[in-house]
Structures are given as structure tokens and as C-alpha cells.
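Quick look at structure24.txt (compact mmCIF, C-alpha atoms and all ligand atoms):
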# COMPACT_ATOMS: atom_id res chain seq x y z
CA MET A 516 -47.13 -188.63 -234.87
CA ASN A 517 -45.58 -192.04 -234.26
CA ARG A 518 -43.32 -192.71 -231.29
CA ARG A 519 -40.06 -192.32 -233.19
CA ASP A 520 -41.15 -189.02 -234.72
CA LEU A 521 -42.34 -187.82 -231.33
CA ALA A 522 -39.01 -188.76 -229.73
CA LEU A 523 -37.12 -186.84 -232.43
CA HIS A 524 -39.49 -183.90 -232.04
CA VAL A 525 -39.04 -183.85 -228.24
CA ASP A 526 -35.28 -184.09 -228.70
CA ALA A 527 -35.21 -181.17 -231.14
CA VAL A 528 -37.50 -178.94 -229.05
CA LEU A 529 -35.53 -179.60 -225.88
CA GLU A 530 -32.25 -178.94 -227.68
CA ALA A 531 -33.57 -175.53 -228.70
CA ARG A 532 -34.76 -174.87 -225.13
CA PHE A 533 -31.61 -176.18 -223.41
CA PRO A 534 -28.77 -175.85 -225.96
CA HIS A 535 -26.15 -176.64 -223.35
CA ALA A 536 -27.36 -179.23 -220.94
CA PRO A 537 -24.60 -180.20 -218.55
CA LEU A 538 -25.53 -182.03 -215.40
CA ALA A 539 -26.17 -179.71 -212.48
CA LEU A 540 -23.76 -181.78 -210.38
CA ARG A 541 -20.28 -180.27 -210.14
CA PHE A 542 -17.34 -182.56 -210.91
CA GLU A 543 -13.88 -182.50 -212.46
CA SER A 544 -13.20 -186.20 -212.95
CA PRO A 545 -15.07 -189.49 -213.47
CA LEU A 546 -14.44 -190.34 -209.80
CA GLN A 547 -15.97 -187.07 -208.60
CA LEU A 548 -19.01 -187.58 -210.81
CA LEU A 549 -19.42 -191.15 -209.60
CA VAL A 550 -19.35 -190.01 -205.97
CA ALA A 551 -21.67 -187.07 -206.69
CA VAL A 552 -24.24 -189.31 -208.40
CA ILE A 553 -24.18 -191.73 -205.45
CA LEU A 554 -24.79 -188.78 -203.12
CA SER A 555 -27.63 -187.44 -205.30
CA ALA A 556 -29.97 -190.33 -204.44
CA GLN A 557 -33.01 -188.82 -202.69
CA CYS A 558 -31.25 -185.46 -202.60
CA THR A 559 -31.14 -182.27 -204.65
CA ASP A 560 -28.15 -181.50 -206.83
CA GLU A 561 -27.74 -178.19 -205.01
CA ARG A 562 -27.32 -179.94 -201.71
CA VAL A 563 -24.86 -182.40 -203.20
CA ASN A 564 -22.84 -179.53 -204.69
CA ALA A 565 -22.82 -177.87 -201.29
CA VAL A 566 -20.92 -180.79 -199.75
CA THR A 567 -18.72 -182.03 -202.58
CA GLY A 568 -16.32 -179.07 -202.64
CA LYS A 569 -15.04 -179.87 -199.18
CA LEU A 570 -15.41 -183.61 -199.70
CA PHE A 571 -13.30 -183.74 -202.86
CA ALA A 572 -10.65 -181.48 -201.34
CA ARG A 573 -10.37 -183.78 -198.32
CA PHE A 574 -10.45 -187.02 -200.36
CA PRO A 575 -8.88 -186.33 -203.76
CA SER A 576 -8.57 -189.93 -205.01
CA ALA A 577 -10.18 -193.35 -204.86
CA GLU A 578 -7.35 -194.40 -202.53
CA ALA A 579 -8.17 -191.54 -200.18
CA PHE A 580 -11.87 -192.43 -200.14
CA ALA A 581 -11.04 -196.11 -199.63
CA GLU A 582 -8.96 -195.29 -196.57
CA ALA A 583 -11.27 -192.56 -195.24
CA PRO A 584 -12.31 -192.82 -191.60
CA LEU A 585 -15.98 -193.80 -191.92
CA GLU A 586 -17.15 -191.37 -189.25
CA GLU A 587 -15.47 -188.44 -190.95
CA LEU A 588 -16.94 -189.44 -194.30
CA GLU A 589 -20.39 -189.75 -192.74
CA ALA A 590 -20.13 -186.31 -191.19
CA LEU A 591 -19.14 -184.72 -194.50
CA VAL A 592 -21.97 -186.29 -196.53
CA ARG A 593 -24.59 -186.03 -193.79
CA PRO A 594 -26.50 -183.08 -195.36
CA THR A 595 -27.34 -185.27 -198.38
CA GLY A 596 -29.43 -187.67 -196.27
CA PHE A 597 -29.07 -191.44 -195.84
CA TYR A 598 -25.51 -190.52 -194.96
CA ARG A 599 -24.51 -193.77 -193.29
CA ASN A 600 -25.44 -195.86 -196.33
CA LYS A 601 -23.96 -193.36 -198.75
CA ALA A 602 -20.66 -193.10 -196.86
CA ARG A 603 -20.36 -196.88 -196.66
CA MET A 604 -21.20 -197.25 -200.34
CA ILE A 605 -18.66 -194.65 -201.46
CA LYS A 606 -15.94 -196.21 -199.33
CA GLU A 607 -16.65 -199.75 -200.53
CA CYS A 608 -16.98 -198.62 -204.15
CA CYS A 609 -13.60 -196.87 -203.94
CA ARG A 610 -12.03 -199.88 -202.25
CA GLN A 611 -13.01 -201.92 -205.28
CA LEU A 612 -11.80 -199.24 -207.67
CA VAL A 613 -8.40 -199.48 -206.02
CA ALA A 614 -8.35 -203.29 -205.81
CA ARG A 615 -9.68 -204.02 -209.29
CA PHE A 616 -9.08 -200.97 -211.48
CA GLY A 617 -5.91 -199.36 -210.16
CA GLY A 618 -7.90 -196.54 -208.56
CA ASP A 619 -9.44 -195.45 -211.88
CA VAL A 620 -13.13 -195.41 -212.73
CA PRO A 621 -13.76 -197.90 -215.55
CA SER A 622 -15.81 -196.79 -218.54
CA SER A 623 -17.57 -200.00 -219.58
CA MET A 624 -21.14 -200.59 -218.50
CA GLU A 625 -20.23 -204.06 -217.28
CA ASP A 626 -17.36 -202.86 -215.06
CA LEU A 627 -19.26 -199.86 -213.74
CA THR A 628 -22.34 -201.84 -212.77
CA SER A 629 -20.15 -204.42 -211.02
CA LEU A 630 -19.30 -201.74 -208.42
CA PRO A 631 -21.31 -201.43 -205.20
CA GLY A 632 -24.06 -198.83 -205.41
CA VAL A 633 -23.71 -198.40 -209.18
CA GLY A 634 -26.73 -199.26 -211.32
CA ARG A 635 -27.38 -198.48 -214.97
CA LYS A 636 -28.58 -194.93 -214.24
CA THR A 637 -25.38 -194.01 -212.42
CA ALA A 638 -23.24 -195.83 -214.98
CA ASN A 639 -24.93 -194.02 -217.87
CA MET A 640 -24.48 -190.66 -216.18
CA VAL A 641 -20.79 -191.31 -215.69
CA ARG A 642 -20.28 -192.78 -219.16
CA GLY A 643 -22.16 -189.98 -220.87
CA ASN A 644 -20.95 -186.98 -218.91
CA ALA A 645 -17.44 -187.95 -217.83
CA PHE A 646 -16.32 -190.23 -220.68
CA GLY A 647 -18.34 -188.87 -223.61
CA LEU A 648 -19.85 -192.28 -224.29
CA PRO A 649 -23.53 -192.48 -225.27
CA GLY A 650 -25.92 -193.38 -222.51
CA ILE A 651 -29.49 -192.66 -221.48
CA ALA A 652 -29.68 -192.22 -217.73
CA VAL A 653 -33.22 -192.99 -216.64
CA ASP A 654 -33.67 -191.14 -213.38
CA THR A 655 -37.00 -190.23 -211.80
CA HIS A 656 -37.50 -187.26 -214.16
CA VAL A 657 -36.69 -189.18 -217.34
CA GLN A 658 -38.92 -192.02 -216.17
CA ARG A 659 -41.85 -189.70 -215.45
CA VAL A 660 -41.61 -187.44 -218.51
CA THR A 661 -40.99 -190.09 -221.14
CA THR A 662 -43.77 -192.35 -219.92
CA ARG A 663 -46.20 -189.42 -219.69
CA LEU A 664 -45.31 -188.56 -223.27
CA GLY A 665 -45.93 -192.16 -224.32
CA LEU A 666 -42.35 -192.69 -225.50
CA SER A 667 -42.29 -195.84 -223.41
CA ALA A 668 -44.97 -198.01 -221.88
CA GLN A 669 -42.48 -199.75 -219.60
CA SER A 670 -42.59 -199.22 -215.87
CA ASP A 671 -38.99 -200.13 -215.04
CA PRO A 672 -36.01 -197.86 -215.81
CA GLU A 673 -34.19 -200.52 -217.83
CA GLY A 674 -37.20 -201.09 -220.06
CA ILE A 675 -37.59 -197.34 -220.58
CA GLU A 676 -33.89 -197.04 -221.38
CA ARG A 677 -34.20 -199.79 -224.00
CA ASP A 678 -37.23 -198.14 -225.59
CA LEU A 679 -35.53 -194.74 -225.78
CA MET A 680 -32.36 -196.28 -227.22
CA GLU A 681 -34.45 -197.70 -230.05
CA LEU A 682 -36.10 -194.35 -230.74
CA LEU A 683 -33.06 -192.07 -230.79
CA PRO A 684 -29.63 -192.32 -232.40
CA PRO A 685 -26.77 -192.95 -229.93
CA ASP A 686 -25.19 -189.54 -230.39
CA ARG A 687 -28.36 -187.98 -228.92
CA TRP A 688 -28.67 -190.18 -225.84
CA THR A 689 -26.64 -188.37 -223.20
CA LEU A 690 -27.88 -184.85 -223.81
CA PHE A 691 -31.43 -186.09 -224.39
CA SER A 692 -31.57 -187.48 -220.88
CA ASN A 693 -29.85 -184.39 -219.42
CA ARG A 694 -32.41 -182.18 -221.17
CA VAL A 695 -35.38 -184.27 -220.12
CA ILE A 696 -34.18 -183.95 -216.52
CA LEU A 697 -34.17 -180.15 -216.86
CA PHE A 698 -37.59 -180.20 -218.54
CA GLY A 699 -38.95 -182.46 -215.80
CA ARG A 700 -37.80 -180.03 -213.17
CA GLU A 701 -39.13 -176.92 -214.91
CA VAL A 702 -42.32 -177.98 -216.67
CA CYS A 703 -43.38 -181.61 -216.39
CA THR A 704 -42.97 -181.73 -212.65
CA SER A 705 -44.09 -184.64 -210.55
CA ARG A 706 -46.96 -183.02 -208.66
CA ALA A 707 -48.09 -180.19 -210.88
CA PRO A 708 -47.06 -180.57 -214.51
CA ALA A 709 -47.54 -177.29 -216.36
CA CYS A 710 -49.34 -178.97 -219.24
CA ALA A 711 -50.99 -175.78 -220.43
CA LEU A 712 -47.53 -174.28 -220.92
CA CYS A 713 -45.94 -177.37 -222.39
CA PRO A 714 -44.57 -177.40 -225.95
CA PHE A 715 -45.71 -181.03 -226.29
CA LEU A 716 -49.27 -180.43 -225.17
CA GLU A 717 -50.94 -181.42 -228.41
CA HIS A 718 -48.96 -184.66 -228.72
CA CYS A 719 -49.00 -185.77 -225.09
CA PRO A 720 -51.45 -188.51 -224.10
CA SER A 721 -51.18 -187.47 -220.45
CA ALA A 722 -52.28 -183.86 -220.85
CA THR A 723 -55.69 -183.21 -219.38
CA ARG A 724 -58.66 -182.17 -221.48
CA CYS A 725 -58.99 -178.83 -219.80
CA GLU A 726 -55.33 -178.09 -220.46
CA ARG A 727 -55.63 -179.18 -224.07
CA GLY A 728 -58.45 -176.66 -224.44
CA GLY A 729 -56.14 -173.94 -223.18
CA ALA A 730 -58.51 -172.80 -220.42
CA ARG A 731 -55.89 -172.79 -217.68
CA HIS A 732 -53.35 -171.33 -220.06
CA GLU A 733 -55.46 -168.33 -220.92
CA ALA A 734 -56.59 -167.93 -217.34
CA ARG A 735 -52.99 -167.28 -216.38
CA GLY A 736 -52.87 -164.38 -218.78
CA HIS A 737 -50.60 -165.83 -221.44
CA PRO A 738 -51.87 -165.91 -225.01
CA PRO A 739 -52.24 -169.46 -226.31
CA GLY A 740 -48.97 -170.64 -227.79
CA SER A 741 -46.51 -168.85 -225.59
CA HIS A 742 -45.20 -168.46 -222.08
CA PRO A 743 -42.61 -165.73 -221.64
CA ALA A 744 -41.41 -166.81 -218.19
CA LEU A 745 -40.48 -170.28 -219.36
CA GLY A 746 -39.34 -169.20 -222.79
CA LEU A 747 -41.36 -172.01 -224.24
CA SER A 748 -43.75 -172.06 -227.13
CA THR A 749 -46.70 -174.38 -227.31
CA ARG A 750 -46.81 -174.04 -231.07
CA LYS A 751 -45.13 -176.63 -233.23
CA GLU A 752 -41.60 -175.28 -233.35
CA GLY A 753 -40.92 -174.11 -236.87
CA ARG A 754 -43.25 -176.67 -238.32
S1 LIG A 801 -48.35 -182.11 -221.61
FE1 LIG A 801 -48.16 -182.22 -219.36
S2 LIG A 801 -47.79 -184.39 -218.87
FE2 LIG A 801 -47.40 -184.08 -221.08
S3 LIG A 801 -45.17 -183.69 -221.20
FE3 LIG A 801 -46.20 -181.71 -221.11
S4 LIG A 801 -46.21 -181.17 -218.91
FE4 LIG A 801 -45.79 -183.37 -219.07

I need this file expressed as C-alpha cells, please.
Ligand code: SF4
Amino acid sequence: MNRRDLALHVDAVLEARFPHAPLALRFESPLQLLVAVILSAQCTDERVNAVTGKLFARFPSAEAFAEAPLEELEALVRPTGFYRNKARMIKECCRQLVARFGGDVPSSMEDLTSLPGVGRKTANMVRGNAFGLPGIAVDTHVQRVTTRLGLSAQSDPEGIERDLMELLPPDRWTLFSNRVILFGREVCTSRAPACALCPFLEHCPSATRCERGGARHEARGHPPGSHPALGLSTRKEGR
């Protein structure tokens, strides 16, 4: 299977596995998503969601964040870690939103990445999930899973993003990256990828020999080709 076919296959299998693949971060506006993504650096989405309810109620607009007392902002985001940097970044980002964009979050990649603390990953998440514009957000999960699968040989997120954009049509980009994030959390985890249970086992250059042979799979008591707990099939789906 060549890389393009593999990318389309991965996309189709993950769509079947995760038909609806919204981000786990809770938000109701582009601004809330932008702030939530900034807070999600080195932090779980659950922990971010635990603080944003109160945070967004206290600071409902870019103007409110821009004028927020820094100490209060720090205290509210503290559970997400690196709270001093994150509070400063959110405040400065919102100051610029007010000064340059009338308090609104812009939708263009160029404008978004001109804001403090906003790189291509954050911009793509906001564009894709808040504005409905196509974007592949290469976070740590997308980076790990797609390079393990051999969909990209690049080591930097921008290079991986470029490779994936060439392999998939634009209308697949946003949900593809959302789904790969879910798959990376459930199956192709950083420390212990469940290769023996993976639907891409036979196509993946990173799967170990033992796992290809199905030894670990059978040892866990699941017949080759299925895993009820994960709802995944290791057979070629419908092919
Ligand atoms: S076979 Fe293993 S390394 Fe490859 S995608 Fe599946 S879980 Fe990840």
C-alpha cells in the first residue's frame, strides 16, 4: 500500500471508529477555544475543562482577558501548570486581539500565527474546530502516530503537516487530526502502543515482529482480528 492509499485507509478506519470526533476541549466561541488550546500545553484536556468554566464566566471577552488582573488570571489557570507563562500569554494575546482585530479572533493562518503563543498547531485547531476551515493540527499524538505509520518521514510538525496535506483532501483534514488524537490516546500511545490490537498492524512499519505474529494478541485472550474492549478490528475493514 503506498502512502496515499494508507492515509486514505487510516482516515476511513478512524472515521468508522470515531464517527463524531469533536475536540475534548469545551468551548463556545473561537476565543474560548483559543484560550483553551493555549492552556492545554503540557496539560490534559480534562484539567483544562475543569478550569475553563469558571475562567470563561469571569472573563467573557477578549477585552476582559486583556484587562484581567494578572494575579487573578494566574490563580484561575494554575491547575493547568506553567500558569505564569500561560496567564501572561493569554493576556498579551487578548491585548493584541483588542488592539488589532476589534476583540475578535481572526480566522486566517497569517493573522492567527501573528498572535503571541499561537503557532500552526493552535491556529489549525481554531480554524478547523471553531471556523470550519480545513486544517491539520499536528500535536504530539498526530506527530507520533503518523510518523509511526510512515505517513511522514519528517521530524518537525510543520513538515508532517505538509506531508499529510498532500496525502488527504482538505475536507478531511480537521477531523482526521481530531481522530488521530483520539486514536493516539486509546491505542497508539506514547509508551505502550497496543500494536497487537491495532487495525493498522499489517501496514505499520513500526509494529514489532512479535506483535505482527499475534503472539501478544492471543496471549491476552482475544482471537486474532478483534478486540471487544476497544471495538477495533485488526482485519482489513470491509476489504
Ligand atoms: S501498529 Fe503499533 S505503532 Fe503502528 S499505528 Fe498501530 S499501535 Fe501505532

_Residues near Ala581 in chain A, anyone? I mean within 9 Å using only C-alpha atoms, not counting same-chain ones fewer than 4 positions away, as a ChimeraX atom specification._
/A:576-577,605-613

Got a sec to check which residues lie within 7 Å of ligand LIG 801 (chain A), using only C-alpha atoms and all ligand atoms, and send them as a compact mmCIF listing (two decimals) with C-alpha atoms, keeping the file's coordinate frame?
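Result written to selection_38.txt:
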# COMPACT_ATOMS: atom_id res chain seq x y z
CA VAL A 660 -41.61 -187.44 -218.51
CA ARG A 663 -46.20 -189.42 -219.69
CA LEU A 664 -45.31 -188.56 -223.27
CA VAL A 702 -42.32 -177.98 -216.67
CA CYS A 703 -43.38 -181.61 -216.39
CA PRO A 708 -47.06 -180.57 -214.51
CA ALA A 709 -47.54 -177.29 -216.36
CA CYS A 710 -49.34 -178.97 -219.24
CA ALA A 711 -50.99 -175.78 -220.43
CA CYS A 713 -45.94 -177.37 -222.39
CA PRO A 714 -44.57 -177.40 -225.95
CA PHE A 715 -45.71 -181.03 -226.29
CA LEU A 716 -49.27 -180.43 -225.17
CA CYS A 719 -49.00 -185.77 -225.09
CA PRO A 720 -51.45 -188.51 -224.10
CA SER A 721 -51.18 -187.47 -220.45
CA ALA A 722 -52.28 -183.86 -220.85

Which polymer residues, protein or nucleic acid, are no farther than 10 Å from (-48.9, -191.5, -230.6), counting only C-alpha atoms, as a PyMOL selection string? chain A and resi 516-521+664-666+718-720

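What separates CA of Val695 in chain A from CA of Phe597 in chain A is a distance of 26.1 Å.
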
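The residue that comes closest to Phe698 in chain A, out of A:Asn564, A:Thr637, A:Ser670, A:Thr661 and on the basis of all atoms listed in the file, is A:Thr661.
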
Margin query: Excluding range 523-540 of chain A and its own-chain neighbours fewer than 6 positions away, which residues fall within 10 Å of it when counting all atoms listed in the file? Please give them as a VMD selection string.
Written below: chain A and resid 516 547 to 548 551 to 552 555 559 to 565 567 640 644 661 664 666 682 to 684 687 to 698 714 to 715 718 745 to 748 751 to 753

### Task
Please identify all polymer residues within 7 Å of Asn639 in chain A, counting only C-alpha atoms, omitting same-chain residues fewer than 4 positions from it, and present them as a list of chain:residue names.
A:Arg635, A:Gly643, A:Gly650, A:Ile651, A:Ala652

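Distance check against Val550 in chain A using all atoms listed in the file: of A:Phe646, A:Arg659, A:Pro631, A:Leu585, the minimum falls on A:Pro631.
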